[in-house]
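Asker: Could you have a look at this structure, given as structure tokens, before my questions?
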Amino acid sequence: MSEEVLLRVSNIDVFYGGAQALWDVSLEVRSGEIVALAGSNGAGKSTLLKTISGVIHPAKGSIEFAGMNITKLNAYDIVAQGISQVPEGRRLFPEMTVFQNLAIGSYNGKARAKREENLTRVYELFPVLKERKDQLAKTLSGGEQQMVAIGRGLMSNPRLILIDEMSLGLSPLIVCDLFRVLHAIRARGITVLLVEQNVWQSLHEADRAYIIETGRIVLSGNALELCEEEEVREAYFGV
Amino acid sequence: METLADLASPIAIGVLLGGLYVVIALGLSLVFGVMKVINVAHGDLVILGSYFAYVMSTSWGLDPILSLVVGIPLFFIMGVFIERFLLHRAFRMSADAALIVAFGISLIIQNGAQLVWTPLSRGLMTSYTLESLKIGDVYLPVVYLVDFAMALVVVLAVHQFLKRTYLGQAITAASQDSETAQLMGINPARVYQIAFGIAMALAAIAGVSLALTFPFTPKSGVPFLIIAFGVIILGGLGSMVGTFIGGMIFGLSQTLGGHFLGPTGQLLVPFVMVLVVLTIRPQGLFGR
């Protein structure tokens with residue numbers, strides 16, 4: 001596994017509205033890893049992802065991506081740097097077709113040139129999307145919508161893809177399929193940072209994990225080893 | 001005894017007049033769809049387009065339609081600047097602030113036009129202004145045909161732009177979910193500028209159409225703004241097809257209302273229809 005640190009979040013404080021949501025959070029994602037960020041509802045997982053993708057900005061601390069400081073960049077500029085976010089709740093453009101949703105993912109200049117290539121790859125990962133390419137996004141099932149959301153994220157030609165609550169509201173069977181796809185994505189050299197309420201599953205799919213509680217990182221390390229930790233077992237698995 | 005032949009004329013005129021309404025409504029609908037701001041200055045911007053064509057025609061002898069070669073880019077750039085330096089600043093405070101700024105723009109245009117062009121009614125006189133085509137027993141004024149042709153071209157062009165180009169798709173995406181659009185690499189501020197620019201270019205086109213068809217004064221924008229609202233409510237916001245059909249329905253009900261109820265029925269009928277649609281199907285006939 002490559003040791004290059006692709007994303008480095010250092011000591012960030014983030015305020016959401018008037019309230020502080022993250023305290024002194026640091027994390028690292030190395031090239032080629034699948035890293036899980038696990039924790040219960042309201043722990044600050046989504047806030048952290050939104051901060052990385054530039055939707056909100058930290059009050060303190062810094063975020064470096066591929067050696068570049070992106071702390072103050074706007075969300076729409078960060079995409080072109082190679083970070084793509086698959087937002088919670090999928091957030092497809094409901095009145096646009098599957099194809100249009102995917103195509104708009106390649107809006108940034110660098111991705112436009114690779115649009116056909118990336119589109120072929122997305123259709124390889126999710127053949128059903130090719131069949132449904134002319135269907136309006138809002139008419140798809142939840143699982144299919146999540147496929148479009150991930151596919152759209154891949155269309156921006158990212159080096160790092162942030163996936164927020166991928167399994168929320170989906171059947172376990174579909175979730176298994178989606179995790180298989182994540183491994184296929186990683187096999188293509190794209191690094192994955194995954195946010196999940198489903199701590200057990202995400203720890204079993206990821207290489208490394210961070211556990212976040214009320215805005216602070218409380219544990220981190222090898223994902224499977226974390227599963228064995230007494231605190232994790234007690235807090236999240238109830239054993 | 002009423003015959004079908006008697007109705008042919010109001011029906012034909014209604015449809016053609018609807019074309020003019022479509023072009024006026026399109027810019028209003030686009031700005032609302034993208035920025036969620038009701039641009040109350042839109043009618044006045046259309047009238048500004050009419051005065052532009054008037055100046056080009058009287059001072060330079062340019063045909064009004066031809067003058068659009070200058071008018072469209074000029075209005076587009078003006079729109080980008082108005083959005084960037086006036087609306088956007090207000091927009092960052094609140095949508096209400098942007099609405100008030102739009103009111104201000106409306107007042108400035110109305111009063112500015114009175115200063116420059118006086119409150120007197122103006123009209124455009126071209127070689128084809130008084131011409132008519134006779135089809136069967138129906139006389140169709142050429143300017144109405146021009147209105148309709150321009151509407152077709154404009155609707156198709158805007159539709160293709162929104163559907164086929166990256167920028168058009170960015171506008172569509174931002175109008176559906178602007179936060180997620182940012183995650184696609186779309187800069188919403190830029191999308192707003194472009195959308196407002198396009199709306200102004202559409203106002204220039206609508207202004208020419210209007211000036212060819214009706215006399216106008218600095219205050220003429222307001223009634224047309226209200227008609228444009230009616231069209232959008234009938235057709236449904238954000239739907240291109242809806243705006244087109246809404247314009248047709250508005251024009252038709254206006255001429256048929258006039259035909260059956262006399263001049264007082266002209267605007268009564270379409271606005272009653274607007275009320276009916278608002279009650280039964282608030283999202284409009286083609287709205288979602």
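By order of appearance in the structure tokens: chains A, B, ..., then residues from 1 within every chain, and ligands from 1 in the order shown.
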I'd like the neighbourhood of A:Ala209 as a short mmCIF file (atom, residue, chain, number, x, y, z; two decimals) with C-alpha atoms, in the first residue's frame, where a residue qualifies if any of its atoms comes within 7 Å (using only C-alpha atoms), though same-chain residues fewer than 3 positions away should be ignored.

Answerer:
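Final output, around.cif:
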```cif
data_model
loop_
_atom_site.label_atom_id
_atom_site.label_comp_id
_atom_site.auth_asym_id
_atom_site.auth_seq_id
_atom_site.Cartn_x
_atom_site.Cartn_y
_atom_site.Cartn_z
CA VAL A 35 -10.88 4.89 5.51
CA ALA A 36 -14.05 4.85 7.55
CA LEU A 37 -15.25 7.66 9.74
CA LEU A 203 -15.18 -1.26 10.25
CA ALA A 206 -12.35 -0.30 5.66
CA SER A 220 -8.37 5.58 15.41
CA GLY A 221 -6.41 2.76 13.88
CA ASN A 222 -6.63 -0.43 11.93
CA ALA A 223 -10.31 -1.05 11.30
#
```

Asker: Could you list, with a cut-off of 9 Å and counting only C-alpha atoms, the residues of chain A near chain B, each shown with its nearest atom pair and the distance in Å rounded to one decimal, rows sorted by chain and ascending number, as a tab-separated table?

Answerer:
```
residue	atom	partner	partner_atom	distance
A:Ser53	CA	B:Leu183	CA	7.6
A:Gly54	CA	B:Leu183	CA	8.7
A:Val55	CA	B:Glu179	CA	8.0
A:Asn74	CA	B:Gln182	CA	8.6
A:Ala75	CA	B:Gln182	CA	5.9
A:Tyr76	CA	B:Gly185	CA	3.8
A:Asp77	CA	B:Gly185	CA	6.1
A:Ile78	CA	B:Gly185	CA	7.5
A:Val79	CA	B:Gly185	CA	5.3
A:Ala80	CA	B:Gly185	CA	6.7
A:Ser84	CA	B:Leu183	CA	7.1
A:Gln85	CA	B:Leu183	CA	6.5
A:Val86	CA	B:Leu183	CA	8.4
A:Pro87	CA	B:Thr180	CA	7.7
A:Arg91	CA	B:Thr180	CA	6.7
A:Leu92	CA	B:Thr180	CA	8.0
A:Phe93	CA	B:Gln176	CA	6.0
A:Pro94	CA	B:Gln176	CA	7.4
A:Glu95	CA	B:Gln176	CA	7.6
A:Met96	CA	B:Ala173	CA	7.9
A:Gln100	CA	B:Gln169	CA	7.7
A:Asn101	CA	B:Ala173	CA	8.4
A:Ala103	CA	B:Tyr166	CA	8.5
A:Ile104	CA	B:Met184	CA	6.8
A:Gly105	CA	B:Met184	CA	5.3
A:Ser106	CA	B:Met184	CA	7.3
A:Tyr107	CA	B:Gly185	CA	6.3
A:Asn108	CA	B:Gly185	CA	5.6
A:Arg152	CA	B:Met184	CA	8.4
A:Gly153	CA	B:Met184	CA	8.0
A:Ser156	CA	B:Met184	CA	7.3
```

Asker: Return as a PyMOL selection string the full set of residues in stretch 126-230 of chain A whose backbone-based DSSP assignment is helix (DSSP H, G or I).

Answerer: chain A and resi 127-131+137-139+142-155+172-187+199-205+223-228+230

Asker: Take the selection from the previous step and output its residues with C-alpha atoms, as a PDB file, in the first residue's frame.

Answerer:
```
ATOM      1  CA  PRO A 127     -24.766  -1.648 -15.722  1.00  0.00           C
ATOM      2  CA  VAL A 128     -28.322  -0.891 -14.648  1.00  0.00           C
ATOM      3  CA  LEU A 129     -27.633   2.837 -15.003  1.00  0.00           C
ATOM      4  CA  LYS A 130     -26.934   2.411 -18.686  1.00  0.00           C
ATOM      5  CA  GLU A 131     -30.348   0.835 -19.124  1.00  0.00           C
ATOM      6  CA  ALA A 137     -33.518  10.572 -11.390  1.00  0.00           C
ATOM      7  CA  LYS A 138     -36.544  10.993  -9.124  1.00  0.00           C
ATOM      8  CA  THR A 139     -38.193   7.898 -10.611  1.00  0.00           C
ATOM      9  CA  GLY A 142     -33.251   4.245  -3.493  1.00  0.00           C
ATOM     10  CA  GLY A 143     -30.485   1.809  -4.392  1.00  0.00           C
ATOM     11  CA  GLU A 144     -30.352   3.004  -7.984  1.00  0.00           C
ATOM     12  CA  GLN A 145     -30.277   6.602  -6.824  1.00  0.00           C
ATOM     13  CA  GLN A 146     -27.286   5.813  -4.638  1.00  0.00           C
ATOM     14  CA  MET A 147     -25.590   4.259  -7.668  1.00  0.00           C
ATOM     15  CA  VAL A 148     -26.180   7.445  -9.655  1.00  0.00           C
ATOM     16  CA  ALA A 149     -24.840   9.509  -6.750  1.00  0.00           C
ATOM     17  CA  ILE A 150     -21.646   7.454  -6.567  1.00  0.00           C
ATOM     18  CA  GLY A 151     -21.362   7.403 -10.359  1.00  0.00           C
ATOM     19  CA  ARG A 152     -21.808  11.185 -10.482  1.00  0.00           C
ATOM     20  CA  GLY A 153     -19.057  11.497  -7.878  1.00  0.00           C
ATOM     21  CA  LEU A 154     -16.751   9.400 -10.039  1.00  0.00           C
ATOM     22  CA  MET A 155     -17.475  11.488 -13.131  1.00  0.00           C
ATOM     23  CA  PRO A 172     -28.608  -4.977   3.342  1.00  0.00           C
ATOM     24  CA  LEU A 173     -28.329  -6.786   0.015  1.00  0.00           C
ATOM     25  CA  ILE A 174     -27.908  -3.553  -1.932  1.00  0.00           C
ATOM     26  CA  VAL A 175     -25.483  -2.232   0.678  1.00  0.00           C
ATOM     27  CA  CYS A 176     -23.318  -5.323   0.179  1.00  0.00           C
ATOM     28  CA  ASP A 177     -23.287  -4.682  -3.575  1.00  0.00           C
ATOM     29  CA  LEU A 178     -22.330  -1.066  -3.043  1.00  0.00           C
ATOM     30  CA  PHE A 179     -19.444  -2.014  -0.766  1.00  0.00           C
ATOM     31  CA  ARG A 180     -18.228  -4.401  -3.454  1.00  0.00           C
ATOM     32  CA  VAL A 181     -18.254  -1.465  -5.844  1.00  0.00           C
ATOM     33  CA  LEU A 182     -16.236   0.618  -3.373  1.00  0.00           C
ATOM     34  CA  HIS A 183     -13.525  -2.027  -3.437  1.00  0.00           C
ATOM     35  CA  ALA A 184     -13.618  -1.960  -7.246  1.00  0.00           C
ATOM     36  CA  ILE A 185     -13.271   1.827  -7.146  1.00  0.00           C
ATOM     37  CA  ARG A 186     -10.265   1.553  -4.853  1.00  0.00           C
ATOM     38  CA  ALA A 187      -8.771  -1.071  -7.172  1.00  0.00           C
ATOM     39  CA  VAL A 199     -20.118   1.240  12.583  1.00  0.00           C
ATOM     40  CA  TRP A 200     -19.905  -2.545  12.448  1.00  0.00           C
ATOM     41  CA  GLN A 201     -20.144  -2.786   8.684  1.00  0.00           C
ATOM     42  CA  SER A 202     -17.868   0.128   7.938  1.00  0.00           C
ATOM     43  CA  LEU A 203     -15.181  -1.260  10.245  1.00  0.00           C
ATOM     44  CA  HIS A 204     -15.338  -4.524   8.352  1.00  0.00           C
ATOM     45  CA  GLU A 205     -15.009  -2.899   4.953  1.00  0.00           C
ATOM     46  CA  ALA A 223     -10.313  -1.054  11.299  1.00  0.00           C
ATOM     47  CA  LEU A 224     -10.453  -4.701  12.291  1.00  0.00           C
ATOM     48  CA  GLU A 225      -8.427  -4.085  15.418  1.00  0.00           C
ATOM     49  CA  LEU A 226     -10.855  -1.346  16.383  1.00  0.00           C
ATOM     50  CA  CYS A 227     -13.624  -3.931  16.205  1.00  0.00           C
ATOM     51  CA  GLU A 228     -11.924  -5.786  19.014  1.00  0.00           C
ATOM     52  CA  GLU A 230     -13.608  -2.958  24.373  1.00  0.00           C
TER      53      GLU A 230
END
```

Asker: Pick out the residues sitting within 6 Å of A:Ala43, and hand them over as a PyMOL selection string; count only C-alpha atoms, and ignore anything fewer than 2 positions along from it in its own chain.

Answerer: chain A and resi 40-41+45+213-215

Asker: Any idea what's packed within 8 Å of B:Glu83, counting only C-alpha atoms, ignoring anything in its chain fewer than 3 positions away? Could you give it as a list of chain:residue names?

Answerer: B:Gly79, B:Val80, B:Leu86, B:Leu87, B:His88, B:Tyr192, B:Gln193, B:Phe196, B:Gly197

Asker: Can you pull out the residues contacting B:Gly247? Cut-off 7 Å, using only C-alpha atoms, and skip same-chain residues under 5 positions away; I want them as a list in words.

Answerer: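 The contact residues come out as Gly18, Gly19, Tyr21, Val22 and Val231 of chain B.
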
Asker: Could those residues be written to a file, using N, CA and C atoms, as a JSON list (two decimals), in the first residue's frame?

Answerer:
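File produced: result20.json:
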```json
[["chain", "number", "residue", "atom", "x", "y", "z"],
["B", 18, "GLY", "N", -50.06, 34.98, -27.95],
["B", 18, "GLY", "CA", -49.47, 34.13, -26.92],
["B", 18, "GLY", "C", -47.96, 34.03, -27.08],
["B", 19, "GLY", "N", -47.50, 34.04, -28.31],
["B", 19, "GLY", "CA", -46.07, 33.97, -28.58],
["B", 19, "GLY", "C", -45.31, 35.10, -27.90],
["B", 21, "TYR", "N", -46.30, 36.77, -25.28],
["B", 21, "TYR", "CA", -46.34, 36.55, -23.83],
["B", 21, "TYR", "C", -45.31, 35.51, -23.40],
["B", 22, "VAL", "N", -45.12, 34.49, -24.24],
["B", 22, "VAL", "CA", -44.15, 33.44, -23.91],
["B", 22, "VAL", "C", -42.75, 34.04, -23.76],
["B", 231, "VAL", "N", -49.02, 33.83, -17.13],
["B", 231, "VAL", "CA", -48.54, 32.78, -18.04],
["B", 231, "VAL", "C", -47.80, 31.70, -17.26]]
```

Asker: Near A:Ile217, counting only C-alpha atoms, which residues have an atom at most 8 Å away, once you skip same-chain residues fewer than 6 positions from it, shown as number ranges by chain?

Answerer: A: 25-26, 210-211

Asker: Just the residues within 6 Å of stretch 102-112 of chain B, please, counting only C-alpha atoms, with nothing from its chain fewer than 4 positions along; format it as a short mmCIF file (atom, residue, chain, number, x, y, z; two decimals) with N, CA and C atoms, in the first residue's frame.

Answerer:
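Dumped everything to out.cif:
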```cif
data_model
loop_
_atom_site.label_atom_id
_atom_site.label_comp_id
_atom_site.auth_asym_id
_atom_site.auth_seq_id
_atom_site.Cartn_x
_atom_site.Cartn_y
_atom_site.Cartn_z
N ASN B 39 -38.29 38.64 -10.13
CA ASN B 39 -37.71 39.86 -10.67
C ASN B 39 -38.81 40.82 -11.11
N VAL B 40 -39.25 41.66 -10.16
CA VAL B 40 -40.36 42.57 -10.45
C VAL B 40 -39.97 43.64 -11.47
N ALA B 41 -38.69 43.72 -11.80
CA ALA B 41 -38.27 44.69 -12.81
C ALA B 41 -38.34 44.11 -14.22
N ASP B 44 -40.19 46.03 -16.87
CA ASP B 44 -39.52 47.29 -17.21
C ASP B 44 -38.29 47.04 -18.07
N PRO B 218 -43.29 54.52 -20.77
CA PRO B 218 -42.38 54.06 -19.71
C PRO B 218 -43.06 53.18 -18.66
#
```

Asker: Nearest residue to B:Gly168 out of B:Val153, B:Ala195, B:Val208, B:Val222, using only C-alpha atoms?

Answerer: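 Looking at the shortest contact to B:Gly168, the residue is B:Ala195.
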
Asker: Expressed in Å to a single decimal, how great is the separation between atom CA of B:Leu4 and atom CA of B:Phe260?

Answerer: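 So the answer is 13.1 Å.
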
Asker: Please, which residues of stretch 26-189 of chain A, numbered as in this document, come out strand (DSSP E or B) from DSSP, as a ChimeraX atom specification?

Answerer: /A:26-30,34-38,60-65,68-69,83-86,97,136,160-164

Asker: Could you turn the residues from that selection into a file that holds C-alpha atoms, as an mmCIF file, in the first residue's frame?

Answerer:
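The file below, out_33.cif, is the result:
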```cif
data_model
loop_
_atom_site.group_PDB
_atom_site.id
_atom_site.type_symbol
_atom_site.label_atom_id
_atom_site.label_comp_id
_atom_site.auth_asym_id
_atom_site.auth_seq_id
_atom_site.Cartn_x
_atom_site.Cartn_y
_atom_site.Cartn_z
ATOM 1 C CA SER A 26 -7.158 15.627 12.840
ATOM 2 C CA LEU A 27 -7.103 12.780 10.397
ATOM 3 C CA GLU A 28 -5.059 11.377 7.556
ATOM 4 C CA VAL A 29 -5.992 9.435 4.493
ATOM 5 C CA ARG A 30 -3.251 7.763 2.509
ATOM 6 C CA ILE A 34 -10.482 2.947 2.289
ATOM 7 C CA VAL A 35 -10.882 4.888 5.511
ATOM 8 C CA ALA A 36 -14.053 4.846 7.553
ATOM 9 C CA LEU A 37 -15.246 7.659 9.742
ATOM 10 C CA ALA A 38 -17.726 6.083 12.094
ATOM 11 C CA LYS A 60 -9.007 26.953 13.067
ATOM 12 C CA GLY A 61 -6.645 24.351 11.649
ATOM 13 C CA SER A 62 -5.812 23.354 8.107
ATOM 14 C CA ILE A 63 -6.694 20.876 5.398
ATOM 15 C CA GLU A 64 -4.080 19.710 2.929
ATOM 16 C CA PHE A 65 -4.785 17.670 -0.146
ATOM 17 C CA MET A 68 -1.761 21.649 -1.358
ATOM 18 C CA ASN A 69 -3.476 23.730 1.294
ATOM 19 C CA ILE A 83 -11.973 15.589 -4.221
ATOM 20 C CA SER A 84 -15.476 14.481 -4.940
ATOM 21 C CA GLN A 85 -18.305 14.240 -2.414
ATOM 22 C CA VAL A 86 -21.286 11.922 -2.574
ATOM 23 C CA THR A 97 -32.112 12.180 -16.304
ATOM 24 C CA LEU A 136 -35.573 10.986 -14.561
ATOM 25 C CA LEU A 160 -10.391 10.960 -3.342
ATOM 26 C CA ILE A 161 -14.085 10.271 -3.042
ATOM 27 C CA LEU A 162 -15.988 11.172 0.137
ATOM 28 C CA ILE A 163 -19.116 9.113 0.647
ATOM 29 C CA ASP A 164 -21.625 10.242 3.246
#
```

Asker: Can you tell me how far atom CA of A:Leu194 sits from atom CA of A:Glu229, in Å to one decimal?

Answerer: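 Here the two named atoms are 20.2 Å from each other.
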